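Just coords11.cif here, mmCIF, C-alpha atoms:
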data_entry
loop_
_atom_site.label_atom_id
_atom_site.label_comp_id
_atom_site.auth_asym_id
_atom_site.auth_seq_id
_atom_site.Cartn_x
_atom_site.Cartn_y
_atom_site.Cartn_z
CA MET A 194 6.13 -26.32 -9.97
CA SER A 195 6.86 -24.47 -6.76
CA SER A 196 6.52 -25.49 -3.13
CA ILE A 197 6.52 -23.45 0.06
CA SER A 198 7.71 -26.09 2.48
CA GLY A 199 9.52 -29.35 2.21
CA GLY A 200 7.07 -31.26 4.40
CA PHE A 201 4.02 -33.28 3.50
CA LEU A 202 2.28 -31.69 0.53
CA PRO A 203 -1.36 -32.60 0.38
CA VAL A 204 -2.76 -29.83 -1.81
CA ARG A 205 -1.80 -28.84 -5.33
CA ILE A 206 -3.31 -25.62 -6.65
CA LYS A 207 -2.76 -23.37 -9.64
CA VAL A 208 -2.01 -19.67 -9.21
CA LYS A 209 -2.52 -17.38 -12.18
CA ASN A 210 -0.70 -14.12 -12.73
CA ALA A 211 -3.40 -11.63 -13.68
CA GLU A 212 -0.88 -9.27 -15.24
CA THR A 213 0.69 -11.71 -17.68
CA GLY A 214 -1.71 -14.63 -17.93
CA ALA A 215 1.06 -17.00 -16.78
CA SER A 216 0.29 -19.65 -14.20
CA VAL A 217 2.24 -21.77 -11.75
CA GLU A 218 1.29 -24.91 -9.89
CA MET A 219 2.04 -24.87 -6.18
CA GLU A 220 2.09 -27.73 -3.72
CA LEU A 221 1.06 -26.63 -0.27
CA GLU A 222 0.00 -27.77 3.13
CA THR A 223 -3.48 -26.84 4.21
CA GLU A 224 -1.94 -24.91 7.12
CA ASN A 225 -0.08 -22.57 4.75
CA THR A 226 -1.61 -19.10 4.76
CA ILE A 227 -2.88 -16.97 1.91
CA ASP A 228 -0.17 -14.43 2.84
CA GLU A 229 2.45 -17.13 2.20
CA VAL A 230 0.93 -18.02 -1.16
CA ILE A 231 0.95 -14.35 -2.18
CA GLU A 232 4.59 -13.96 -1.17
CA SER A 233 5.65 -17.18 -2.88
CA ALA A 234 3.88 -16.34 -6.12
CA ALA A 235 5.20 -12.77 -6.11
CA THR A 236 8.72 -14.10 -5.57
CA PHE A 237 8.32 -16.76 -8.27
CA TRP A 238 7.39 -14.11 -10.84
CA SER A 239 9.96 -11.62 -9.44
CA LYS A 240 7.21 -9.11 -8.82
CA ASP A 241 8.08 -5.62 -7.74
CA MET A 242 7.41 -4.81 -4.15
CA GLY A 243 3.78 -3.81 -3.88
CA ALA A 244 0.34 -4.72 -2.63
CA TYR A 245 -1.26 -7.84 -4.06
CA VAL A 246 -4.37 -9.83 -3.32
CA LEU A 247 -5.28 -13.40 -4.10
CA ARG A 248 -8.75 -14.22 -5.23
CA LYS A 249 -10.81 -17.30 -5.85
CA GLY A 250 -13.53 -16.50 -8.32
CA LYS A 251 -14.90 -13.13 -7.28
CA LYS A 252 -13.91 -13.47 -3.63
CA VAL A 253 -10.76 -11.84 -2.24
CA LEU A 254 -9.05 -14.22 0.19
CA ARG A 255 -8.02 -13.05 3.66
CA GLY A 256 -4.25 -12.93 4.10
CA GLY A 257 -4.11 -14.47 7.55
CA ASN A 258 -6.37 -17.39 6.71
CA SER A 259 -4.93 -20.85 6.17
CA LEU A 260 -5.81 -22.61 2.94
CA LYS A 261 -8.04 -24.86 5.00
CA ASP A 262 -9.89 -21.93 6.57
CA ALA A 263 -10.20 -20.27 3.18
CA GLY A 264 -11.83 -23.40 1.79
CA ILE A 265 -9.10 -24.00 -0.78
CA ARG A 266 -9.07 -27.50 -2.23
CA ALA A 267 -6.85 -29.45 -4.58
CA ASP A 268 -6.91 -28.20 -8.18
CA ASP A 269 -8.41 -24.84 -7.24
CA VAL A 270 -7.31 -21.97 -9.44
CA LEU A 271 -6.46 -18.75 -7.63
CA GLU A 272 -5.48 -15.46 -9.21
CA LEU A 273 -2.82 -13.04 -8.01
CA ILE A 274 -3.78 -9.46 -8.79
CA PRO A 275 -2.11 -6.17 -7.92
CA ASP A 276 -4.12 -4.00 -5.53
CA PRO A 277 -3.70 -0.62 -7.16
CA GLU A 278 -2.67 1.96 -4.59
CA GLY A 279 -1.73 4.94 -6.76
CA GLY A 280 -3.76 8.10 -6.85
CA MET B 116 -30.96 11.82 -8.10
CA ASP B 117 -31.80 14.31 -5.39
CA LEU B 118 -29.94 17.38 -6.55
CA ASP B 119 -30.95 19.50 -3.56
CA SER B 120 -29.35 16.99 -1.19
CA VAL B 121 -26.33 16.74 -3.47
CA SER B 122 -25.95 20.49 -3.42
CA ASP B 123 -26.17 20.57 0.40
CA ALA B 124 -23.90 17.57 1.04
CA LYS B 125 -20.53 18.17 2.64
CA VAL B 126 -17.77 16.19 0.95
CA LEU B 127 -14.28 15.59 2.31
CA MET B 128 -11.83 14.81 -0.48
CA ILE B 129 -8.40 13.62 0.61
CA GLY B 130 -5.73 13.82 -2.08
CA ALA B 131 -5.55 16.19 -5.02
CA GLY B 132 -3.42 14.28 -7.51
CA ALA B 133 -4.53 12.65 -10.74
CA LEU B 134 -7.50 10.92 -9.13
CA GLY B 135 -8.35 13.98 -7.05
CA ASN B 136 -8.50 16.14 -10.19
CA GLU B 137 -10.95 13.80 -11.89
CA VAL B 138 -13.06 13.31 -8.76
CA ALA B 139 -13.20 17.09 -8.25
CA LYS B 140 -14.37 17.60 -11.83
CA ASP B 141 -17.05 14.90 -11.50
CA LEU B 142 -18.18 16.22 -8.12
CA VAL B 143 -18.66 19.79 -9.24
CA LEU B 144 -20.32 18.85 -12.55
CA SER B 145 -22.65 16.49 -10.65
CA GLY B 146 -23.87 19.31 -8.44
CA PHE B 147 -21.76 18.98 -5.29
CA ARG B 148 -20.96 22.42 -3.93
CA LYS B 149 -19.45 21.96 -0.47
CA VAL B 150 -16.16 20.16 -0.91
CA THR B 151 -13.17 20.27 1.43
CA ILE B 152 -9.91 19.30 -0.28
CA VAL B 153 -6.94 18.12 1.81
CA ASP B 154 -3.52 17.67 0.22
CA MET B 155 0.03 18.43 1.32
CA ASP B 156 1.81 18.66 -2.06
CA HIS B 157 2.44 21.34 -4.64
CA VAL B 158 2.07 20.99 -8.39
CA VAL B 159 5.07 19.68 -10.36
CA GLY B 160 5.61 19.46 -14.11
CA SER B 161 5.12 15.73 -14.36
CA ASN B 162 1.56 16.07 -12.98
CA LEU B 163 0.40 18.06 -15.97
CA ASN B 164 -0.35 15.30 -18.49
CA ARG B 165 -3.01 13.74 -16.28
CA CYS B 166 -4.35 16.51 -14.09
CA LEU B 167 -7.11 18.59 -15.65
CA PHE B 168 -6.83 21.60 -13.35
CA PHE B 169 -3.04 22.00 -13.20
CA THR B 170 -1.11 24.31 -15.55
CA PRO B 171 2.61 24.87 -16.26
CA ASP B 172 2.28 28.16 -14.38
CA ASP B 173 1.05 26.31 -11.28
CA ALA B 174 4.13 24.08 -11.47
CA ARG B 175 6.52 26.98 -12.00
CA LYS B 176 5.06 28.88 -9.05
CA LYS B 177 4.85 25.74 -6.91
CA ARG B 178 1.18 26.34 -6.11
CA THR B 179 -0.38 23.86 -3.75
CA LYS B 180 -2.55 21.19 -5.32
CA ALA B 181 -5.46 21.69 -2.93
CA GLU B 182 -5.68 25.42 -3.66
CA VAL B 183 -5.33 24.99 -7.42
CA LEU B 184 -8.05 22.36 -7.39
CA ALA B 185 -10.40 24.59 -5.38
CA THR B 186 -9.82 27.43 -7.84
CA GLY B 187 -10.49 25.10 -10.77
CA MET B 188 -13.75 23.89 -9.25
CA ARG B 189 -14.93 27.47 -8.80
CA ARG B 190 -14.11 28.07 -12.45
CA LEU B 191 -16.41 25.19 -13.48
CA SER B 192 -19.23 26.34 -11.22
CA THR B 193 -19.65 29.78 -9.78
CA THR B 194 -21.92 28.36 -7.07
CA ALA B 195 -19.32 25.85 -5.86
CA GLY B 196 -17.66 26.74 -2.57
CA PRO B 197 -14.72 24.39 -2.12
CA ASN B 198 -12.31 24.82 0.80
CA SER B 199 -8.69 23.79 0.64
CA ILE B 200 -6.48 22.58 3.45
CA VAL B 201 -2.78 22.23 2.79
CA GLY B 202 -1.41 19.44 4.94
CA ARG B 203 -1.56 15.75 5.74
CA ILE B 204 -4.89 14.23 6.68
CA GLN B 205 -3.15 12.62 9.67
CA ASP B 206 -2.41 16.10 11.03
CA GLN B 207 -6.02 17.31 10.87
CA SER B 208 -8.48 17.14 13.74
CA ASP B 209 -10.50 13.93 13.98
CA ARG B 210 -13.59 16.13 13.83
CA ILE B 211 -13.01 16.79 10.16
CA PHE B 212 -14.54 13.38 9.39
CA SER B 213 -17.76 13.86 11.36
CA GLU B 214 -18.15 17.36 9.97
CA HIS B 215 -18.63 15.91 6.48
CA ASP B 216 -21.28 13.62 5.02
CA VAL B 217 -19.04 11.45 2.85
CA VAL B 218 -15.28 10.98 2.52
CA PHE B 219 -13.30 10.38 -0.68
CA GLY B 220 -9.84 8.82 -0.60
CA CYS B 221 -7.82 9.87 -3.67
CA LEU B 222 -4.54 8.94 -2.02
CA ASP B 223 -1.23 7.50 -3.12
CA ASN B 224 -0.20 5.61 0.00
CA ILE B 225 -1.65 2.92 2.21
CA GLU B 226 -0.85 4.63 5.51
CA ALA B 227 -3.06 7.62 4.71
CA ARG B 228 -5.74 5.29 3.34
CA ILE B 229 -5.80 3.36 6.60
CA HIS B 230 -6.12 6.63 8.53
CA ALA B 231 -8.97 7.86 6.33
CA ASN B 232 -10.73 4.49 6.44
CA SER B 233 -10.52 4.08 10.22
CA HIS B 234 -11.50 7.67 11.04
CA SER B 235 -14.41 7.63 8.59
CA TYR B 236 -15.59 4.37 10.17
CA ALA B 237 -15.31 5.79 13.69
CA ALA B 238 -17.27 8.86 12.64
CA GLY B 239 -19.95 6.73 10.98
CA ARG B 240 -19.21 8.18 7.56
CA THR B 241 -19.10 6.36 4.26
CA TYR B 242 -15.57 6.14 2.88
CA ILE B 243 -15.12 5.83 -0.89
CA ASP B 244 -11.57 4.88 -1.82
CA GLY B 245 -9.97 4.78 -5.25
CA GLY B 246 -6.63 3.41 -6.41
CA MET B 247 -4.92 3.03 -9.77
CA GLU B 248 -1.83 1.52 -11.26
CA GLY B 249 -1.48 1.92 -15.01
CA MET B 250 -4.53 0.35 -16.58
CA LEU B 251 -5.66 -1.28 -13.33
CA GLY B 252 -8.06 0.46 -11.01
CA ARG B 253 -10.13 -0.22 -7.93
CA ALA B 254 -12.91 1.61 -6.14
CA MET B 255 -14.23 0.50 -2.78
CA VAL B 256 -17.05 1.70 -0.57
CA SER B 257 -16.92 1.21 3.22
CA ARG B 258 -20.24 1.94 4.93
CA PRO B 259 -20.11 1.60 8.69
CA PRO B 260 -21.35 -0.28 10.55
CA ASP B 261 -22.21 -2.80 7.81
CA GLY B 262 -19.89 -5.04 5.86
CA ALA B 263 -16.19 -4.98 5.21
CA CYS B 264 -14.00 -1.91 5.34
CA LEU B 265 -10.98 -1.09 3.21
CA GLN B 266 -8.61 -2.64 5.73
CA CYS B 267 -10.50 -5.96 5.68
CA GLY B 268 -9.16 -6.46 2.15
CA MET B 269 -5.54 -5.84 3.10
CA ASN B 270 -2.89 -8.46 3.81
CA ARG B 271 0.83 -8.72 4.65
CA SER B 272 1.87 -7.35 1.26
CA HIS B 273 0.02 -4.12 2.06
CA ALA B 274 1.70 -3.87 5.46
CA LYS B 275 5.15 -4.15 3.86
CA VAL B 276 4.60 -1.15 1.63
CA ALA B 277 2.25 0.85 3.85
CA SER B 278 4.50 3.86 4.21
CA MET B 279 5.55 4.03 0.56
CA ARG B 280 4.01 6.50 -1.86
CA PHE B 281 2.69 4.97 -5.07
CA SER B 282 3.24 8.12 -7.01
CA CYS B 283 4.74 8.39 -10.46
CA THR B 284 6.34 11.66 -9.54
CA GLY B 285 7.54 11.14 -5.99
CA ARG B 286 9.95 8.78 -4.32
CA ASP B 287 9.29 5.13 -3.54
CA VAL B 288 7.75 4.54 -6.92
CA VAL B 289 6.19 1.13 -7.42
CA PHE B 290 5.28 0.00 -10.91
CA HIS B 291 3.52 -3.21 -11.82
CA GLU B 292 4.07 -4.97 -15.12
CA PRO B 293 3.82 -3.53 -17.69
CA LYS B 294 5.48 -0.37 -16.45
CA LEU B 295 3.00 2.45 -16.86
CA ALA B 296 2.58 5.71 -15.07
CA ALA B 297 -0.82 6.88 -13.86
CA GLU B 298 -3.03 6.60 -16.88
CA ILE B 299 -5.82 9.10 -17.40
CA THR B 300 -8.46 6.80 -18.89
CA THR B 301 -8.21 4.47 -15.89
CA THR B 302 -8.36 7.49 -13.61
CA SER B 303 -11.51 8.67 -15.36
CA VAL B 304 -13.23 5.29 -14.96
CA ILE B 305 -12.41 4.97 -11.26
CA SER B 306 -13.28 8.58 -10.40
CA ALA B 307 -16.62 8.22 -12.18
CA VAL B 308 -17.48 5.11 -10.17
CA MET B 309 -16.48 6.84 -6.93
CA VAL B 310 -18.63 9.93 -7.54
CA ARG B 311 -21.55 7.85 -8.77
CA GLU B 312 -21.53 5.93 -5.47
CA ALA B 313 -21.66 9.22 -3.56
CA LEU B 314 -24.57 10.37 -5.70
CA LYS B 315 -26.49 7.21 -4.77
CA LEU B 316 -25.71 7.67 -1.09
CA ILE B 317 -26.61 11.34 -0.90
CA SER B 318 -29.75 10.81 -2.98
CA GLY B 319 -31.00 8.27 -0.46
CA HIS B 320 -30.36 5.09 -2.42
CA PRO B 321 -27.72 3.20 -0.43
CA GLU B 322 -29.26 -0.08 -1.57
CA MET B 323 -27.89 0.64 -5.05
CA MET B 324 -24.34 1.13 -3.81
CA LEU B 325 -21.36 -1.14 -4.28
CA LYS B 326 -21.27 -3.72 -1.50
CA ASN B 327 -17.70 -4.69 -2.28
CA ALA B 328 -14.89 -3.50 -4.49
CA PHE B 329 -15.19 -2.50 -8.12
CA TYR B 330 -12.17 -3.75 -10.03
CA TYR B 331 -11.20 -2.52 -13.48
CA ASP B 332 -8.55 -3.94 -15.80
CA GLY B 333 -8.29 -1.86 -18.93
CA GLN B 334 -5.79 -4.19 -20.56
CA ARG B 335 -8.06 -7.21 -20.37
CA ASN B 336 -11.32 -5.22 -20.78
CA ILE B 337 -12.59 -6.50 -17.45
CA SER B 338 -14.72 -4.63 -14.97
CA GLU B 339 -16.33 -6.54 -12.16
CA GLU B 340 -17.42 -6.41 -8.54
CA MET B 341 -15.21 -8.43 -6.20
CA GLU B 342 -16.31 -9.65 -2.79
CA ILE B 343 -14.24 -8.46 0.18
CA PRO B 344 -15.39 -10.46 3.22
CA LEU B 345 -15.52 -8.73 6.59
CA ASP B 346 -12.40 -9.72 8.51
CA PRO B 347 -13.27 -10.34 12.18
CA GLU B 348 -9.59 -9.77 12.99
CA CYS B 349 -9.47 -6.41 11.20
CA PRO B 350 -8.38 -3.79 13.77
CA ILE B 351 -11.24 -1.53 12.73
CA HIS B 352 -13.87 -4.15 13.54
CA MET B 353 -12.06 -5.44 16.64
CA SER B 354 -11.89 -1.99 18.18
CA PRO B 355 -14.04 -1.73 21.31
CA ARG B 356 -14.70 1.82 20.21
CA GLY B 357 -16.22 0.65 16.94
CA THR B 358 -18.37 3.25 15.29
CA THR B 359 -19.07 6.13 17.63
CA GLY B 360 -20.47 8.39 15.00
CA LYS B 361 -24.09 8.15 14.01
CA ARG B 362 -24.52 7.05 10.42
CA LYS B 363 -25.87 9.92 8.42
CA ARG B 364 -29.09 9.05 6.63
CA PHE B 365 -30.28 10.67 3.44
CA LYS B 366 -33.84 10.78 2.28
CA SER B 367 -34.90 8.67 -0.65
CA THR B 368 -36.64 10.46 -3.50
#

Structure rendered as structure tokens:
Amino acid sequence: MSSISGGFLPVRIKVKNAETGASVEMELETENTIDEVIESAATFWSKDMGAYVLRKGKKVLRGGNSLKDAGIRADDVLELIPDPEGG
Amino acid sequence: MDLDSVSDAKVLMIGAGALGNEVAKDLVLSGFRKVTIVDMDHVVGSNLNRCLFFTPDDARKKRTKAEVLATGMRRLSTTAGPNSIVGRIQDQSDRIFSEHDVVFGCLDNIEARIHANSHSYAAGRTYIDGGMEGMLGRAMVSRPPDGACLQCGMNRSHAKVASMRFSCTGRDVVFHEPKLAAEITTTSVISAVMVREALKLISGHPEMMLKNAFYYDGQRNISEEMEIPLDPECPIHMSPRGTTGKRKRFKST
């Protein structure tokens, strides 16, 4: 289990790694942003520097949004996927 | 498909690497004749295993990718009249976007993508962007003034690597697990989707086009449409200038 801050942790979600199928549970505050979740998950899996997006179902989540604004609730499963930028 | 309109359409293709080669092939074999190719690089040996139009002689003689691609397109169709511009898209006149009907991004870096996306939007032109990484690929259509643009789907992780080139032959290489170079079957899938979207647009069937991003994962055998919501804080949509160009309309057949 991984946590972004040491404060009050009201929301526990699962983040899946699209590249490996692995998953990690994260405890977060609703004010944490999607950008912070992406960075935390990428760090947890020691991802190479690159562009990633987080999605819930078929919807890509906006980086600057808080979990609350993005409508993320406890037990939601999000997926971290690379955003391919090669050509 | 309206082949007369396709034949008359002016296409701006930015980037002549692996994706650019496949898009160029699909464009010319689909009936597009007026294609402007912009790329600043020359051919190197490591391009050859995934670039249809490049030869060892092109690499030895350091021929420019844009010119080699234009020559290759003429070889496939004697009626094709591609133009090549050797240089960065950022160094071209803004008018280049409004002078074309549709813009293809076959780029290897986010900075140039952002430039192409924003300038296409300002000119009122549809921007079709493709990206690949090993067996992962993505194609996205931005159609001003409706819906999200490419930049709406970007976040802080994009900003951190915006100036890096995601090339398997250049510097600043970024690989995702598992480590794979540009992979031709993924390139073929993404280029086909990109050109098909242009065919719909030019033939007057925008209602059939992708509204969001097409995502392809060849490892997991997944291909799906993903929703990219319009970001009201996206600089493209916040700009007071917005879209100044008139959206080009194509007749429906």

Dump as an mmCIF file with C-alpha atoms, in the frame of the given file the residues of chain A that approach chain B to within 9 Å, counting all atoms listed in the file.
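Result file follows (out-v5.cif):
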data_model
loop_
_atom_site.group_PDB
_atom_site.id
_atom_site.type_symbol
_atom_site.label_atom_id
_atom_site.label_comp_id
_atom_site.auth_asym_id
_atom_site.auth_seq_id
_atom_site.Cartn_x
_atom_site.Cartn_y
_atom_site.Cartn_z
ATOM 1 C CA GLU A 212 -0.880 -9.270 -15.240
ATOM 2 C CA THR A 213 0.690 -11.710 -17.680
ATOM 3 C CA ILE A 227 -2.880 -16.970 1.910
ATOM 4 C CA ASP A 228 -0.170 -14.430 2.840
ATOM 5 C CA GLU A 229 2.450 -17.130 2.200
ATOM 6 C CA ILE A 231 0.950 -14.350 -2.180
ATOM 7 C CA GLU A 232 4.590 -13.960 -1.170
ATOM 8 C CA LYS A 240 7.210 -9.110 -8.820
ATOM 9 C CA ASP A 241 8.080 -5.620 -7.740
ATOM 10 C CA MET A 242 7.410 -4.810 -4.150
ATOM 11 C CA GLY A 243 3.780 -3.810 -3.880
ATOM 12 C CA ALA A 244 0.340 -4.720 -2.630
ATOM 13 C CA TYR A 245 -1.260 -7.840 -4.060
ATOM 14 C CA VAL A 246 -4.370 -9.830 -3.320
ATOM 15 C CA ARG A 248 -8.750 -14.220 -5.230
ATOM 16 C CA GLY A 250 -13.530 -16.500 -8.320
ATOM 17 C CA LYS A 251 -14.900 -13.130 -7.280
ATOM 18 C CA LYS A 252 -13.910 -13.470 -3.630
ATOM 19 C CA VAL A 253 -10.760 -11.840 -2.240
ATOM 20 C CA LEU A 254 -9.050 -14.220 0.190
ATOM 21 C CA ARG A 255 -8.020 -13.050 3.660
ATOM 22 C CA GLY A 256 -4.250 -12.930 4.100
ATOM 23 C CA GLY A 257 -4.110 -14.470 7.550
ATOM 24 C CA PRO A 275 -2.110 -6.170 -7.920
ATOM 25 C CA ASP A 276 -4.120 -4.000 -5.530
ATOM 26 C CA PRO A 277 -3.700 -0.620 -7.160
ATOM 27 C CA GLU A 278 -2.670 1.960 -4.590
ATOM 28 C CA GLY A 279 -1.730 4.940 -6.760
ATOM 29 C CA GLY A 280 -3.760 8.100 -6.850
#

* To do: Please measure the separation of atom CA of Asn162 of chain B and atom CA of Arg189 of chain B, giving the value in Å to one decimal.
  => 20.5 Å

* Target residues per the PyMOL selection byres ((chain A and resi 272) around 9), formatted as a list of chain:residue names -> A:Lys207, A:Val208, A:Lys209, A:Asn210, A:Ala211, A:Ser216, A:Val246, A:Leu247, A:Arg248, A:Lys249, A:Gly250, A:Val270, A:Leu271, A:Leu273, A:Ile274

* Structure fact -> The distance between atom CA of Ile351 of chain B and atom CA of Ala237 of chain B is 8.4 Å

For this structure, which residues satisfy the selection - the PyMOL selection byres ((chain A and resi 261) around 12) - when it is evaluated on the file as given? I want them as a short mmCIF file (atom, residue, chain, number, x, y, z; two decimals) with C-alpha atoms, in the frame of the given file.
data_model
loop_
_atom_site.label_atom_id
_atom_site.label_comp_id
_atom_site.auth_asym_id
_atom_site.auth_seq_id
_atom_site.Cartn_x
_atom_site.Cartn_y
_atom_site.Cartn_z
CA PRO A 203 -1.36 -32.60 0.38
CA VAL A 204 -2.76 -29.83 -1.81
CA LEU A 221 1.06 -26.63 -0.27
CA GLU A 222 0.00 -27.77 3.13
CA THR A 223 -3.48 -26.84 4.21
CA GLU A 224 -1.94 -24.91 7.12
CA ASN A 225 -0.08 -22.57 4.75
CA THR A 226 -1.61 -19.10 4.76
CA ILE A 227 -2.88 -16.97 1.91
CA LEU A 254 -9.05 -14.22 0.19
CA ARG A 255 -8.02 -13.05 3.66
CA GLY A 257 -4.11 -14.47 7.55
CA ASN A 258 -6.37 -17.39 6.71
CA SER A 259 -4.93 -20.85 6.17
CA LEU A 260 -5.81 -22.61 2.94
CA ASP A 262 -9.89 -21.93 6.57
CA ALA A 263 -10.20 -20.27 3.18
CA GLY A 264 -11.83 -23.40 1.79
CA ILE A 265 -9.10 -24.00 -0.78
CA ARG A 266 -9.07 -27.50 -2.23
CA ALA A 267 -6.85 -29.45 -4.58
#

Let me have the centre and edge lengths of the axis-aligned box enclosing all listed atoms of segment 203-219 of chain A with 5 Å padding on every side, in Å to one decimal, as JSON.
{"center_x": -0.6, "center_y": -20.9, "center_z": -8.8, "size_x": 15.6, "size_y": 33.3, "size_z": 28.3}

* Would you kindly translate the PyMOL selection byres ((chain B and resi 138) around 8) into the concrete residues it picks from this file, as number ranges by chain? => B: 134-137, 139-142, 306-307, 309-310

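The shell of residues at most 10 Å from Gly187 of chain B, with all atoms listed in the file counted and near chain neighbours (fewer than 4 positions) removed, consists of Asn136, Ala139, Lys140, Val143, Leu167, Phe168, Phe169, Ala181, Glu182, Val183, Leu191, Ser192 and Pro197 of chain B.
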
Could you save those same residues with C-alpha atoms as a PDB file, in the coordinates of the input?
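Writing done, so here's out-v7.pdb:
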ATOM      1  CA  ASN B 136      -8.500  16.140 -10.190  1.00  0.00           C
ATOM      2  CA  ALA B 139     -13.200  17.090  -8.250  1.00  0.00           C
ATOM      3  CA  LYS B 140     -14.370  17.600 -11.830  1.00  0.00           C
ATOM      4  CA  VAL B 143     -18.660  19.790  -9.240  1.00  0.00           C
ATOM      5  CA  LEU B 167      -7.110  18.590 -15.650  1.00  0.00           C
ATOM      6  CA  PHE B 168      -6.830  21.600 -13.350  1.00  0.00           C
ATOM      7  CA  PHE B 169      -3.040  22.000 -13.200  1.00  0.00           C
ATOM      8  CA  ALA B 181      -5.460  21.690  -2.930  1.00  0.00           C
ATOM      9  CA  GLU B 182      -5.680  25.420  -3.660  1.00  0.00           C
ATOM     10  CA  VAL B 183      -5.330  24.990  -7.420  1.00  0.00           C
ATOM     11  CA  LEU B 191     -16.410  25.190 -13.480  1.00  0.00           C
ATOM     12  CA  SER B 192     -19.230  26.340 -11.220  1.00  0.00           C
ATOM     13  CA  PRO B 197     -14.720  24.390  -2.120  1.00  0.00           C
TER      14      PRO B 197
END

* Structure fact -> Taken to one decimal, the atom CA of Lys125 of chain B-atom CA of Ser233 of chain B distance is 18.9 Å
